[in-house]
>>> print(open('final30.cif').read())   # mmCIF, N, CA and C atoms
data_final
loop_
_atom_site.label_atom_id
_atom_site.label_comp_id
_atom_site.auth_asym_id
_atom_site.auth_seq_id
_atom_site.Cartn_x
_atom_site.Cartn_y
_atom_site.Cartn_z
N MET A 1 -249.84 -99.21 -127.57
CA MET A 1 -249.50 -100.24 -128.53
C MET A 1 -250.68 -101.20 -128.66
N GLN A 2 -251.08 -101.47 -129.87
CA GLN A 2 -252.19 -102.38 -130.11
C GLN A 2 -251.67 -103.81 -130.10
N ARG A 3 -252.38 -104.69 -129.37
CA ARG A 3 -251.98 -106.08 -129.29
C ARG A 3 -252.52 -106.85 -130.48
N ASP A 4 -251.67 -107.70 -131.02
CA ASP A 4 -252.12 -108.63 -132.05
C ASP A 4 -252.80 -109.77 -131.30
N LEU A 5 -254.09 -109.92 -131.48
CA LEU A 5 -254.86 -110.85 -130.68
C LEU A 5 -254.89 -112.27 -131.23
N GLN A 6 -254.21 -112.51 -132.31
CA GLN A 6 -254.21 -113.87 -132.85
C GLN A 6 -253.17 -114.72 -132.12
N PRO A 7 -253.56 -115.89 -131.60
CA PRO A 7 -252.56 -116.78 -131.03
C PRO A 7 -251.66 -117.29 -132.14
N VAL A 8 -250.49 -117.75 -131.75
CA VAL A 8 -249.56 -118.28 -132.73
C VAL A 8 -250.00 -119.70 -133.07
N PRO A 9 -250.50 -119.95 -134.28
CA PRO A 9 -250.96 -121.29 -134.59
C PRO A 9 -249.79 -122.23 -134.83
N HIS A 10 -249.90 -123.41 -134.31
CA HIS A 10 -248.88 -124.44 -134.51
C HIS A 10 -249.56 -125.66 -135.07
N HIS A 11 -250.21 -125.47 -136.22
CA HIS A 11 -250.99 -126.55 -136.81
C HIS A 11 -250.12 -127.70 -137.27
N ASN A 12 -248.88 -127.43 -137.70
CA ASN A 12 -248.00 -128.53 -138.09
C ASN A 12 -247.72 -129.42 -136.89
N LEU A 13 -247.45 -128.80 -135.73
CA LEU A 13 -247.24 -129.57 -134.50
C LEU A 13 -248.52 -130.33 -134.15
N ALA A 14 -249.64 -129.65 -134.24
CA ALA A 14 -250.92 -130.27 -133.88
C ALA A 14 -251.20 -131.49 -134.76
N VAL A 15 -250.95 -131.35 -136.05
CA VAL A 15 -251.18 -132.47 -136.97
C VAL A 15 -250.22 -133.61 -136.65
N ALA A 16 -248.96 -133.26 -136.37
CA ALA A 16 -247.98 -134.30 -136.02
C ALA A 16 -248.39 -135.05 -134.76
N LEU A 17 -249.06 -134.35 -133.84
CA LEU A 17 -249.51 -134.99 -132.60
C LEU A 17 -250.83 -135.73 -132.78
N GLY A 18 -251.43 -135.62 -133.96
CA GLY A 18 -252.68 -136.33 -134.22
C GLY A 18 -253.93 -135.50 -133.99
N CYS A 19 -253.79 -134.19 -133.84
CA CYS A 19 -254.96 -133.32 -133.66
C CYS A 19 -255.57 -133.03 -135.04
N THR A 20 -256.86 -132.84 -135.06
CA THR A 20 -257.51 -132.52 -136.33
C THR A 20 -257.52 -131.01 -136.53
N ALA A 21 -257.49 -130.60 -137.79
CA ALA A 21 -257.50 -129.17 -138.12
C ALA A 21 -258.75 -128.47 -137.60
N PRO A 22 -259.96 -129.07 -137.73
CA PRO A 22 -261.14 -128.38 -137.20
C PRO A 22 -261.07 -128.14 -135.69
N ARG A 23 -260.51 -129.11 -134.95
CA ARG A 23 -260.38 -128.91 -133.50
C ARG A 23 -259.41 -127.77 -133.19
N MET A 24 -258.30 -127.71 -133.89
CA MET A 24 -257.32 -126.66 -133.63
C MET A 24 -257.88 -125.30 -134.03
N GLN A 25 -258.66 -125.25 -135.10
CA GLN A 25 -259.30 -123.98 -135.49
C GLN A 25 -260.30 -123.55 -134.43
N GLU A 26 -261.01 -124.52 -133.86
CA GLU A 26 -261.95 -124.20 -132.77
C GLU A 26 -261.18 -123.63 -131.57
N PHE A 27 -260.07 -124.26 -131.21
CA PHE A 27 -259.28 -123.77 -130.08
C PHE A 27 -258.73 -122.38 -130.37
N ASP A 28 -258.28 -122.13 -131.62
CA ASP A 28 -257.80 -120.81 -131.99
C ASP A 28 -258.89 -119.75 -131.79
N ARG A 29 -260.12 -120.08 -132.20
CA ARG A 29 -261.24 -119.12 -132.02
C ARG A 29 -261.50 -118.86 -130.54
N VAL A 30 -261.49 -119.91 -129.74
CA VAL A 30 -261.75 -119.75 -128.30
C VAL A 30 -260.65 -118.91 -127.66
N VAL A 31 -259.40 -119.24 -127.95
CA VAL A 31 -258.28 -118.51 -127.35
C VAL A 31 -258.28 -117.05 -127.81
N THR A 32 -258.54 -116.80 -129.08
CA THR A 32 -258.60 -115.43 -129.59
C THR A 32 -259.68 -114.63 -128.86
N SER A 33 -260.83 -115.25 -128.63
CA SER A 33 -261.91 -114.59 -127.91
C SER A 33 -261.48 -114.27 -126.47
N LEU A 34 -260.81 -115.20 -125.82
CA LEU A 34 -260.35 -114.98 -124.45
C LEU A 34 -259.29 -113.88 -124.40
N LEU A 35 -258.41 -113.82 -125.41
CA LEU A 35 -257.41 -112.75 -125.47
C LEU A 35 -258.09 -111.40 -125.62
N ARG A 36 -259.12 -111.33 -126.45
CA ARG A 36 -259.87 -110.07 -126.62
C ARG A 36 -260.51 -109.63 -125.32
N ASP A 37 -260.89 -110.62 -124.50
CA ASP A 37 -261.48 -110.31 -123.19
C ASP A 37 -260.43 -109.95 -122.15
N GLY A 38 -259.16 -109.92 -122.54
CA GLY A 38 -258.09 -109.52 -121.64
C GLY A 38 -257.60 -110.62 -120.71
N LYS A 39 -257.90 -111.86 -121.01
CA LYS A 39 -257.48 -112.98 -120.15
C LYS A 39 -255.98 -113.20 -120.30
N ASN A 40 -255.35 -113.60 -119.19
CA ASN A 40 -253.92 -113.91 -119.24
C ASN A 40 -253.74 -115.40 -119.49
N MET A 41 -252.48 -115.85 -119.57
CA MET A 41 -252.21 -117.25 -119.92
C MET A 41 -252.82 -118.21 -118.89
N THR A 42 -252.70 -117.91 -117.62
CA THR A 42 -253.24 -118.79 -116.57
C THR A 42 -254.75 -118.92 -116.70
N GLU A 43 -255.42 -117.81 -116.95
CA GLU A 43 -256.88 -117.84 -117.09
C GLU A 43 -257.31 -118.63 -118.34
N ILE A 44 -256.54 -118.49 -119.41
CA ILE A 44 -256.87 -119.23 -120.63
C ILE A 44 -256.68 -120.73 -120.41
N ILE A 45 -255.58 -121.10 -119.77
CA ILE A 45 -255.34 -122.51 -119.48
C ILE A 45 -256.45 -123.06 -118.58
N GLN A 46 -256.85 -122.30 -117.58
CA GLN A 46 -257.94 -122.76 -116.69
C GLN A 46 -259.23 -122.95 -117.48
N HIS A 47 -259.53 -122.01 -118.37
CA HIS A 47 -260.73 -122.13 -119.19
C HIS A 47 -260.68 -123.39 -120.06
N MET A 48 -259.54 -123.62 -120.70
CA MET A 48 -259.41 -124.81 -121.55
C MET A 48 -259.50 -126.08 -120.71
N ASN A 49 -258.94 -126.06 -119.50
CA ASN A 49 -259.02 -127.22 -118.61
C ASN A 49 -260.46 -127.48 -118.19
N ASP A 50 -261.21 -126.42 -117.92
CA ASP A 50 -262.61 -126.57 -117.50
C ASP A 50 -263.47 -127.21 -118.59
N ARG A 51 -263.05 -127.08 -119.84
CA ARG A 51 -263.79 -127.71 -120.93
C ARG A 51 -263.85 -129.22 -120.73
N GLY A 52 -262.73 -129.80 -120.31
CA GLY A 52 -262.67 -131.22 -120.03
C GLY A 52 -262.68 -132.13 -121.24
N ASP A 53 -262.51 -131.59 -122.44
CA ASP A 53 -262.61 -132.44 -123.63
C ASP A 53 -261.34 -132.46 -124.48
N LEU A 54 -260.21 -132.04 -123.93
CA LEU A 54 -258.97 -132.02 -124.70
C LEU A 54 -258.19 -133.32 -124.49
N THR A 55 -257.70 -133.86 -125.58
CA THR A 55 -256.82 -135.03 -125.48
C THR A 55 -255.44 -134.54 -125.05
N ASP A 56 -254.55 -135.47 -124.69
CA ASP A 56 -253.19 -135.10 -124.31
C ASP A 56 -252.48 -134.39 -125.47
N ALA A 57 -252.68 -134.87 -126.68
CA ALA A 57 -252.06 -134.26 -127.85
C ALA A 57 -252.59 -132.83 -128.05
N GLU A 58 -253.89 -132.65 -127.88
CA GLU A 58 -254.47 -131.30 -128.04
C GLU A 58 -253.95 -130.37 -126.96
N TRP A 59 -253.83 -130.87 -125.73
CA TRP A 59 -253.27 -130.05 -124.64
C TRP A 59 -251.86 -129.60 -125.00
N THR A 60 -251.05 -130.53 -125.49
CA THR A 60 -249.67 -130.19 -125.85
C THR A 60 -249.65 -129.09 -126.90
N ALA A 61 -250.47 -129.23 -127.93
CA ALA A 61 -250.50 -128.23 -129.00
C ALA A 61 -250.99 -126.87 -128.49
N VAL A 62 -252.04 -126.88 -127.66
CA VAL A 62 -252.59 -125.63 -127.11
C VAL A 62 -251.57 -124.94 -126.21
N ILE A 63 -250.93 -125.68 -125.31
CA ILE A 63 -249.95 -125.08 -124.39
C ILE A 63 -248.75 -124.55 -125.17
N PHE A 64 -248.27 -125.30 -126.15
CA PHE A 64 -247.15 -124.84 -126.97
C PHE A 64 -247.51 -123.56 -127.70
N SER A 65 -248.70 -123.50 -128.25
CA SER A 65 -249.16 -122.31 -128.97
C SER A 65 -249.26 -121.11 -128.03
N LEU A 66 -249.85 -121.33 -126.85
CA LEU A 66 -249.98 -120.23 -125.88
C LEU A 66 -248.61 -119.74 -125.42
N GLY A 67 -247.70 -120.66 -125.15
CA GLY A 67 -246.36 -120.27 -124.73
C GLY A 67 -245.66 -119.44 -125.77
N ALA A 68 -245.77 -119.85 -127.03
CA ALA A 68 -245.15 -119.09 -128.12
C ALA A 68 -245.79 -117.71 -128.24
N TYR A 69 -247.12 -117.65 -128.14
CA TYR A 69 -247.81 -116.37 -128.26
C TYR A 69 -247.38 -115.41 -127.16
N PHE A 70 -247.44 -115.87 -125.90
CA PHE A 70 -247.12 -114.97 -124.79
C PHE A 70 -245.64 -114.61 -124.75
N SER A 71 -244.76 -115.50 -125.18
CA SER A 71 -243.34 -115.19 -125.26
C SER A 71 -243.10 -114.08 -126.29
N GLU A 72 -243.72 -114.22 -127.45
CA GLU A 72 -243.59 -113.21 -128.51
C GLU A 72 -244.20 -111.88 -128.07
N ALA A 73 -245.35 -111.93 -127.40
CA ALA A 73 -246.00 -110.70 -126.93
C ALA A 73 -245.12 -110.00 -125.90
N SER A 74 -244.51 -110.77 -125.00
CA SER A 74 -243.63 -110.20 -123.98
C SER A 74 -242.41 -109.55 -124.63
N ARG A 75 -241.83 -110.24 -125.61
CA ARG A 75 -240.66 -109.70 -126.30
C ARG A 75 -241.00 -108.40 -127.01
N LYS A 76 -242.16 -108.34 -127.65
CA LYS A 76 -242.57 -107.12 -128.34
C LYS A 76 -242.78 -105.97 -127.36
N ARG A 77 -243.37 -106.27 -126.20
CA ARG A 77 -243.63 -105.21 -125.21
C ARG A 77 -242.34 -104.63 -124.66
N GLN A 78 -241.29 -105.43 -124.58
CA GLN A 78 -240.04 -104.98 -123.98
C GLN A 78 -238.98 -104.64 -125.02
N GLY A 79 -239.39 -104.35 -126.23
CA GLY A 79 -238.45 -103.93 -127.26
C GLY A 79 -237.47 -105.02 -127.65
N GLY A 80 -237.87 -106.27 -127.55
CA GLY A 80 -236.99 -107.36 -127.92
C GLY A 80 -236.32 -108.05 -126.75
N TRP A 81 -236.36 -107.44 -125.56
CA TRP A 81 -235.73 -108.02 -124.37
C TRP A 81 -236.62 -109.08 -123.74
N LEU A 82 -236.02 -110.20 -123.37
CA LEU A 82 -236.72 -111.28 -122.67
C LEU A 82 -236.16 -111.40 -121.26
N ARG A 83 -237.03 -111.58 -120.29
CA ARG A 83 -236.57 -111.75 -118.90
C ARG A 83 -235.93 -113.13 -118.76
N ILE A 84 -234.74 -113.17 -118.19
CA ILE A 84 -234.02 -114.43 -118.02
C ILE A 84 -234.79 -115.37 -117.10
N ASP A 85 -235.46 -114.82 -116.08
CA ASP A 85 -236.19 -115.70 -115.15
C ASP A 85 -237.47 -116.25 -115.76
N GLU A 86 -237.88 -115.75 -116.92
CA GLU A 86 -239.06 -116.28 -117.60
C GLU A 86 -238.69 -117.20 -118.76
N GLN A 87 -237.60 -116.89 -119.45
CA GLN A 87 -237.19 -117.70 -120.60
C GLN A 87 -235.70 -117.54 -120.79
N GLU A 88 -234.97 -118.63 -120.55
CA GLU A 88 -233.53 -118.58 -120.73
C GLU A 88 -233.19 -118.78 -122.21
N PRO A 89 -232.08 -118.18 -122.65
CA PRO A 89 -231.69 -118.36 -124.05
C PRO A 89 -231.16 -119.78 -124.28
N PRO A 90 -231.07 -120.19 -125.53
CA PRO A 90 -230.50 -121.51 -125.83
C PRO A 90 -229.05 -121.58 -125.34
N PHE A 91 -228.60 -122.78 -125.02
CA PHE A 91 -227.22 -122.98 -124.61
C PHE A 91 -226.27 -122.69 -125.77
N MET A 92 -225.09 -122.18 -125.45
CA MET A 92 -223.98 -121.98 -126.39
C MET A 92 -224.35 -121.09 -127.57
N ARG A 93 -225.22 -120.14 -127.36
CA ARG A 93 -225.59 -119.19 -128.41
C ARG A 93 -225.30 -117.79 -127.86
N ASP A 94 -224.50 -117.02 -128.60
CA ASP A 94 -224.22 -115.65 -128.17
C ASP A 94 -225.51 -114.84 -128.19
N VAL A 95 -225.74 -114.09 -127.13
CA VAL A 95 -226.89 -113.20 -127.02
C VAL A 95 -226.44 -111.89 -126.39
N ILE A 96 -227.24 -110.87 -126.53
CA ILE A 96 -226.99 -109.61 -125.83
C ILE A 96 -227.69 -109.72 -124.48
N VAL A 97 -226.96 -109.41 -123.41
CA VAL A 97 -227.56 -109.47 -122.07
C VAL A 97 -227.58 -108.08 -121.46
N PHE A 98 -228.56 -107.85 -120.61
CA PHE A 98 -228.65 -106.61 -119.85
C PHE A 98 -228.16 -106.92 -118.44
N ARG A 99 -227.17 -106.19 -117.99
CA ARG A 99 -226.59 -106.39 -116.67
C ARG A 99 -226.96 -105.20 -115.81
N ASN A 100 -227.70 -105.44 -114.76
CA ASN A 100 -228.14 -104.39 -113.86
C ASN A 100 -227.09 -104.19 -112.77
N SER A 101 -226.05 -103.43 -113.10
CA SER A 101 -224.98 -103.16 -112.13
C SER A 101 -224.34 -101.82 -112.45
N ALA A 102 -223.46 -101.39 -111.56
CA ALA A 102 -222.76 -100.13 -111.75
C ALA A 102 -221.70 -100.23 -112.84
N PHE A 103 -221.35 -101.45 -113.27
CA PHE A 103 -220.26 -101.66 -114.23
C PHE A 103 -220.70 -101.57 -115.68
N GLY A 104 -221.95 -101.49 -115.92
CA GLY A 104 -222.37 -101.40 -117.30
C GLY A 104 -223.75 -102.00 -117.51
N ARG A 105 -224.20 -101.97 -118.72
CA ARG A 105 -225.56 -102.37 -119.00
C ARG A 105 -225.67 -103.51 -120.02
N ARG A 106 -225.13 -103.35 -121.24
CA ARG A 106 -225.33 -104.36 -122.29
C ARG A 106 -224.01 -104.98 -122.68
N PHE A 107 -224.04 -106.32 -122.78
CA PHE A 107 -222.85 -107.06 -123.11
C PHE A 107 -223.21 -108.26 -123.98
N LEU A 108 -222.19 -108.84 -124.60
CA LEU A 108 -222.36 -110.07 -125.34
C LEU A 108 -222.00 -111.22 -124.39
N ALA A 109 -222.88 -112.22 -124.28
CA ALA A 109 -222.63 -113.34 -123.39
C ALA A 109 -223.30 -114.59 -123.97
N SER A 110 -223.01 -115.73 -123.36
CA SER A 110 -223.67 -116.98 -123.73
C SER A 110 -223.73 -117.87 -122.49
N ARG A 111 -224.56 -118.90 -122.58
CA ARG A 111 -224.68 -119.87 -121.49
C ARG A 111 -224.10 -121.19 -121.97
N ARG A 112 -223.16 -121.74 -121.18
CA ARG A 112 -222.61 -123.05 -121.52
C ARG A 112 -223.66 -124.11 -121.27
N THR A 113 -223.40 -125.33 -121.73
CA THR A 113 -224.37 -126.41 -121.55
C THR A 113 -224.56 -126.77 -120.08
N ASP A 114 -223.62 -126.40 -119.21
CA ASP A 114 -223.81 -126.66 -117.77
C ASP A 114 -224.55 -125.52 -117.08
N GLY A 115 -225.02 -124.53 -117.87
CA GLY A 115 -225.82 -123.43 -117.34
C GLY A 115 -225.02 -122.22 -116.88
N VAL A 116 -223.70 -122.29 -116.90
CA VAL A 116 -222.86 -121.18 -116.46
C VAL A 116 -222.85 -120.11 -117.54
N TRP A 117 -223.07 -118.85 -117.13
CA TRP A 117 -223.01 -117.72 -118.05
C TRP A 117 -221.57 -117.32 -118.27
N CYS A 118 -221.21 -117.03 -119.52
CA CYS A 118 -219.86 -116.59 -119.86
C CYS A 118 -219.93 -115.34 -120.73
N TRP A 119 -218.90 -114.50 -120.57
CA TRP A 119 -218.77 -113.34 -121.45
C TRP A 119 -218.29 -113.80 -122.80
N ALA A 120 -218.22 -112.90 -123.76
CA ALA A 120 -217.83 -113.24 -125.13
C ALA A 120 -216.45 -113.89 -125.19
N ASP A 121 -215.55 -113.54 -124.26
CA ASP A 121 -214.21 -114.16 -124.24
C ASP A 121 -214.18 -115.48 -123.48
N MET A 122 -215.38 -115.98 -123.10
CA MET A 122 -215.60 -117.25 -122.42
C MET A 122 -215.17 -117.26 -120.95
N THR A 123 -214.88 -116.09 -120.35
CA THR A 123 -214.65 -116.06 -118.91
C THR A 123 -216.01 -116.07 -118.22
N PRO A 124 -216.14 -116.83 -117.13
CA PRO A 124 -217.43 -116.91 -116.44
C PRO A 124 -217.87 -115.56 -115.88
N VAL A 125 -219.16 -115.32 -115.91
CA VAL A 125 -219.75 -114.12 -115.32
C VAL A 125 -219.69 -114.28 -113.81
N ARG A 126 -219.10 -113.31 -113.09
CA ARG A 126 -218.94 -113.45 -111.64
C ARG A 126 -220.24 -113.35 -110.88
N ASN A 127 -221.12 -112.45 -111.29
CA ASN A 127 -222.40 -112.26 -110.59
C ASN A 127 -223.55 -112.45 -111.58
N PRO A 128 -223.85 -113.70 -111.95
CA PRO A 128 -224.88 -113.92 -112.97
C PRO A 128 -226.27 -113.43 -112.54
N GLU A 129 -226.49 -113.26 -111.25
CA GLU A 129 -227.78 -112.74 -110.79
C GLU A 129 -228.01 -111.31 -111.24
N GLU A 130 -226.94 -110.61 -111.66
CA GLU A 130 -227.08 -109.25 -112.18
C GLU A 130 -227.62 -109.24 -113.61
N LEU A 131 -227.58 -110.39 -114.29
CA LEU A 131 -228.11 -110.49 -115.64
C LEU A 131 -229.62 -110.66 -115.53
N THR A 132 -230.36 -109.71 -116.06
CA THR A 132 -231.82 -109.74 -115.89
C THR A 132 -232.58 -110.01 -117.18
N HIS A 133 -232.04 -109.60 -118.32
CA HIS A 133 -232.73 -109.73 -119.60
C HIS A 133 -231.74 -110.15 -120.69
N TRP A 134 -232.27 -110.70 -121.76
CA TRP A 134 -231.45 -111.06 -122.91
C TRP A 134 -232.25 -110.84 -124.18
N MET A 135 -231.54 -110.76 -125.31
CA MET A 135 -232.18 -110.73 -126.62
C MET A 135 -231.25 -111.39 -127.61
N PRO A 136 -231.83 -112.01 -128.64
CA PRO A 136 -230.98 -112.62 -129.66
C PRO A 136 -230.21 -111.55 -130.42
N LEU A 137 -229.09 -111.96 -130.97
CA LEU A 137 -228.35 -111.04 -131.84
C LEU A 137 -229.16 -110.79 -133.10
N PRO A 138 -229.07 -109.60 -133.65
CA PRO A 138 -229.77 -109.35 -134.92
C PRO A 138 -229.14 -110.17 -136.03
N ASP A 139 -229.88 -110.36 -137.11
CA ASP A 139 -229.32 -111.03 -138.28
C ASP A 139 -228.16 -110.20 -138.83
N PRO A 140 -227.15 -110.85 -139.37
CA PRO A 140 -226.05 -110.08 -139.95
C PRO A 140 -226.53 -109.31 -141.17
N PRO A 141 -225.82 -108.25 -141.53
CA PRO A 141 -226.23 -107.48 -142.71
C PRO A 141 -226.05 -108.30 -143.97
N THR A 142 -226.86 -107.98 -144.95
CA THR A 142 -226.72 -108.61 -146.26
C THR A 142 -225.64 -107.89 -147.03
N LEU A 143 -224.64 -108.61 -147.45
CA LEU A 143 -223.54 -107.99 -148.19
C LEU A 143 -223.93 -107.85 -149.65
N LEU A 144 -223.48 -106.78 -150.26
CA LEU A 144 -223.72 -106.58 -151.67
C LEU A 144 -222.92 -107.61 -152.47
N GLU A 145 -223.52 -108.10 -153.51
CA GLU A 145 -222.86 -109.11 -154.34
C GLU A 145 -221.55 -108.54 -154.89
N GLY A 146 -220.47 -109.30 -154.76
CA GLY A 146 -219.19 -108.89 -155.27
C GLY A 146 -218.37 -108.06 -154.28
N VAL A 147 -218.95 -107.66 -153.14
CA VAL A 147 -218.22 -106.87 -152.15
C VAL A 147 -217.77 -107.82 -151.05
N GLN A 148 -216.50 -107.78 -150.72
CA GLN A 148 -215.95 -108.67 -149.68
C GLN A 148 -215.90 -107.98 -148.35
#
>>> encode(input="final30.cif", output="structure tokens")
Amino acid sequence: MQRDLQPVPHHNLAVALGCTAPRMQEFDRVVTSLLRDGKNMTEIIQHMNDRGDLTDAEWTAVIFSLGAYFSEASRKRQGGWLRIDEQEPPFMRDVIVFRNSAFGRRFLASRRTDGVWCWADMTPVRNPEELTHWMPLPDPPTLLEGVQ
């Protein structure tokens, strides 16, 4: 699988934080070059830190962009599945979960605002440590106009 080496630009966030477009374009070029060199997120962050010239706002924009890029890259590598220990789903949103147990594999579940995992019928998951991955539900189908 060929990797898309472009980082996810978050120029709207960067501008809102007070970063200039030329600086963010410079960071995009640097990060893209480091990705081509096979650097991971930790190595890229270390490289950017070694520069010593990033403002707090620029750091926020760069870290947010890197997080979004690596999250998307991870999701693509795993066919849409995200590791729960790396990124938890939003609270109170139904998602498909992978359960690594003898009782089954894929189920519909959600996380309450207190962090407790529940099945689709809202009963708590007894062994939440068995839940290893999640993915968002697909978009609903588009209905034909006039068909109920």
>>> residues_around(input="final30.cif", residues="range 92-104 of chain A", least_positions_apart="5", cutoff="5 Å", atoms="only N, CA and C atoms", output="VMD selection string")
chain A and resid 109 to 112 130 to 137
>>> atom_distance(input="final30.cif", atom1="CA of Glu88 in chain A", atom2="CA of Trp117 in chain A")
10.9 Å
>>> closest_residue(input="final30.cif", among="A:Pro138, A:Pro128, A:Gly52, A:Pro90", to="Thr113 in chain A", atoms="all atoms listed in the file")
A:Pro90
>>> select_by_dssp(input="final30.cif", residues="range 12-145 of chain A", states="strand (DSSP E)", output="tab-separated table (two decimals) with N, CA and C atoms, keeping the file's coordinate frame")
chain	number	residue	atom	x	y	z
A	82	LEU	N	-236.02	-110.20	-123.37
A	82	LEU	CA	-236.72	-111.28	-122.67
A	82	LEU	C	-236.16	-111.40	-121.26
A	83	ARG	N	-237.03	-111.58	-120.29
A	83	ARG	CA	-236.57	-111.75	-118.90
A	83	ARG	C	-235.93	-113.13	-118.76
A	95	VAL	N	-225.74	-114.09	-127.13
A	95	VAL	CA	-226.89	-113.20	-127.02
A	95	VAL	C	-226.44	-111.89	-126.39
A	96	ILE	N	-227.24	-110.87	-126.53
A	96	ILE	CA	-226.99	-109.61	-125.83
A	96	ILE	C	-227.69	-109.72	-124.48
A	97	VAL	N	-226.96	-109.41	-123.41
A	97	VAL	CA	-227.56	-109.47	-122.07
A	97	VAL	C	-227.58	-108.08	-121.46
A	98	PHE	N	-228.56	-107.85	-120.61
A	98	PHE	CA	-228.65	-106.61	-119.85
A	98	PHE	C	-228.16	-106.92	-118.44
A	99	ARG	N	-227.17	-106.19	-117.99
A	99	ARG	CA	-226.59	-106.39	-116.67
A	99	ARG	C	-226.96	-105.20	-115.81
A	100	ASN	N	-227.70	-105.44	-114.76
A	100	ASN	CA	-228.14	-104.39	-113.86
A	100	ASN	C	-227.09	-104.19	-112.77
A	101	SER	N	-226.05	-103.43	-113.10
A	101	SER	CA	-224.98	-103.16	-112.13
A	101	SER	C	-224.34	-101.82	-112.45
A	104	GLY	N	-221.95	-101.49	-115.92
A	104	GLY	CA	-222.37	-101.40	-117.30
A	104	GLY	C	-223.75	-102.00	-117.51
A	105	ARG	N	-224.20	-101.97	-118.72
A	105	ARG	CA	-225.56	-102.37	-119.00
A	105	ARG	C	-225.67	-103.51	-120.02
A	106	ARG	N	-225.13	-103.35	-121.24
A	106	ARG	CA	-225.33	-104.36	-122.29
A	106	ARG	C	-224.01	-104.98	-122.68
A	107	PHE	N	-224.04	-106.32	-122.78
A	107	PHE	CA	-222.85	-107.06	-123.11
A	107	PHE	C	-223.21	-108.26	-123.98
A	108	LEU	N	-222.19	-108.84	-124.60
A	108	LEU	CA	-222.36	-110.07	-125.34
A	108	LEU	C	-222.00	-111.22	-124.39
A	109	ALA	N	-222.88	-112.22	-124.28
A	109	ALA	CA	-222.63	-113.34	-123.39
A	109	ALA	C	-223.30	-114.59	-123.97
A	110	SER	N	-223.01	-115.73	-123.36
A	110	SER	CA	-223.67	-116.98	-123.73
A	110	SER	C	-223.73	-117.87	-122.49
A	111	ARG	N	-224.56	-118.90	-122.58
A	111	ARG	CA	-224.68	-119.87	-121.49
A	111	ARG	C	-224.10	-121.19	-121.97
A	117	TRP	N	-223.07	-118.85	-117.13
A	117	TRP	CA	-223.01	-117.72	-118.05
A	117	TRP	C	-221.57	-117.32	-118.27
A	118	CYS	N	-221.21	-117.03	-119.52
A	118	CYS	CA	-219.86	-116.59	-119.86
A	118	CYS	C	-219.93	-115.34	-120.73
A	119	TRP	N	-218.90	-114.50	-120.57
A	119	TRP	CA	-218.77	-113.34	-121.45
A	119	TRP	C	-218.29	-113.80	-122.80
A	131	LEU	N	-227.58	-110.39	-114.29
A	131	LEU	CA	-228.11	-110.49	-115.64
A	131	LEU	C	-229.62	-110.66	-115.53
A	132	THR	N	-230.36	-109.71	-116.06
A	132	THR	CA	-231.82	-109.74	-115.89
A	132	THR	C	-232.58	-110.01	-117.18
A	133	HIS	N	-232.04	-109.60	-118.32
A	133	HIS	CA	-232.73	-109.73	-119.60
A	133	HIS	C	-231.74	-110.15	-120.69
A	134	TRP	N	-232.27	-110.70	-121.76
A	134	TRP	CA	-231.45	-111.06	-122.91
A	134	TRP	C	-232.25	-110.84	-124.18
A	135	MET	N	-231.54	-110.76	-125.31
A	135	MET	CA	-232.18	-110.73	-126.62
A	135	MET	C	-231.25	-111.39	-127.61
A	136	PRO	N	-231.83	-112.01	-128.64
A	136	PRO	CA	-230.98	-112.62	-129.66
A	136	PRO	C	-230.21	-111.55	-130.42
>>> select_by_dssp(input="final30.cif", residues="range 21-113 of chain A", states="helix (DSSP H, G or I)", output="ChimeraX atom specification")
/A:21-36,41-51,56-77
>>> atom_distance(input="final30.cif", atom1="atom N of Thr123 in chain A", atom2="atom N of Asp85 in chain A")
21.1 Å
>>> decode(input="final30.cif", residues="range 46-55 of chain A", atoms="N, CA and C atoms", output="PDB file, in the first residue's frame")
ATOM      1  N   GLN A  46      10.334  15.508  17.705  1.00  0.00           N
ATOM      2  CA  GLN A  46      11.686  15.828  18.200  1.00  0.00           C
ATOM      3  C   GLN A  46      12.398  16.777  17.239  1.00  0.00           C
ATOM      4  N   HIS A  47      12.275  16.510  15.951  1.00  0.00           N
ATOM      5  CA  HIS A  47      12.900  17.389  14.956  1.00  0.00           C
ATOM      6  C   HIS A  47      12.338  18.812  15.059  1.00  0.00           C
ATOM      7  N   MET A  48      11.025  18.921  15.146  1.00  0.00           N
ATOM      8  CA  MET A  48      10.405  20.246  15.242  1.00  0.00           C
ATOM      9  C   MET A  48      10.815  20.936  16.546  1.00  0.00           C
ATOM     10  N   ASN A  49      10.931  20.174  17.624  1.00  0.00           N
ATOM     11  CA  ASN A  49      11.366  20.740  18.904  1.00  0.00           C
ATOM     12  C   ASN A  49      12.803  21.237  18.818  1.00  0.00           C
ATOM     13  N   ASP A  50      13.659  20.493  18.132  1.00  0.00           N
ATOM     14  CA  ASP A  50      15.068  20.876  17.996  1.00  0.00           C
ATOM     15  C   ASP A  50      15.231  22.189  17.229  1.00  0.00           C
ATOM     16  N   ARG A  51      14.249  22.524  16.396  1.00  0.00           N
ATOM     17  CA  ARG A  51      14.310  23.801  15.674  1.00  0.00           C
ATOM     18  C   ARG A  51      14.358  24.967  16.653  1.00  0.00           C
ATOM     19  N   GLY A  52      13.566  24.876  17.714  1.00  0.00           N
ATOM     20  CA  GLY A  52      13.561  25.898  18.745  1.00  0.00           C
ATOM     21  C   GLY A  52      12.902  27.209  18.364  1.00  0.00           C
ATOM     22  N   ASP A  53      12.193  27.261  17.244  1.00  0.00           N
ATOM     23  CA  ASP A  53      11.629  28.545  16.810  1.00  0.00           C
ATOM     24  C   ASP A  53      10.111  28.538  16.682  1.00  0.00           C
ATOM     25  N   LEU A  54       9.434  27.562  17.275  1.00  0.00           N
ATOM     26  CA  LEU A  54       7.977  27.494  17.173  1.00  0.00           C
ATOM     27  C   LEU A  54       7.321  28.206  18.352  1.00  0.00           C
ATOM     28  N   THR A  55       6.316  29.002  18.047  1.00  0.00           N
ATOM     29  CA  THR A  55       5.529  29.627  19.108  1.00  0.00           C
ATOM     30  C   THR A  55       4.579  28.571  19.674  1.00  0.00           C
TER      31      THR A  55
END
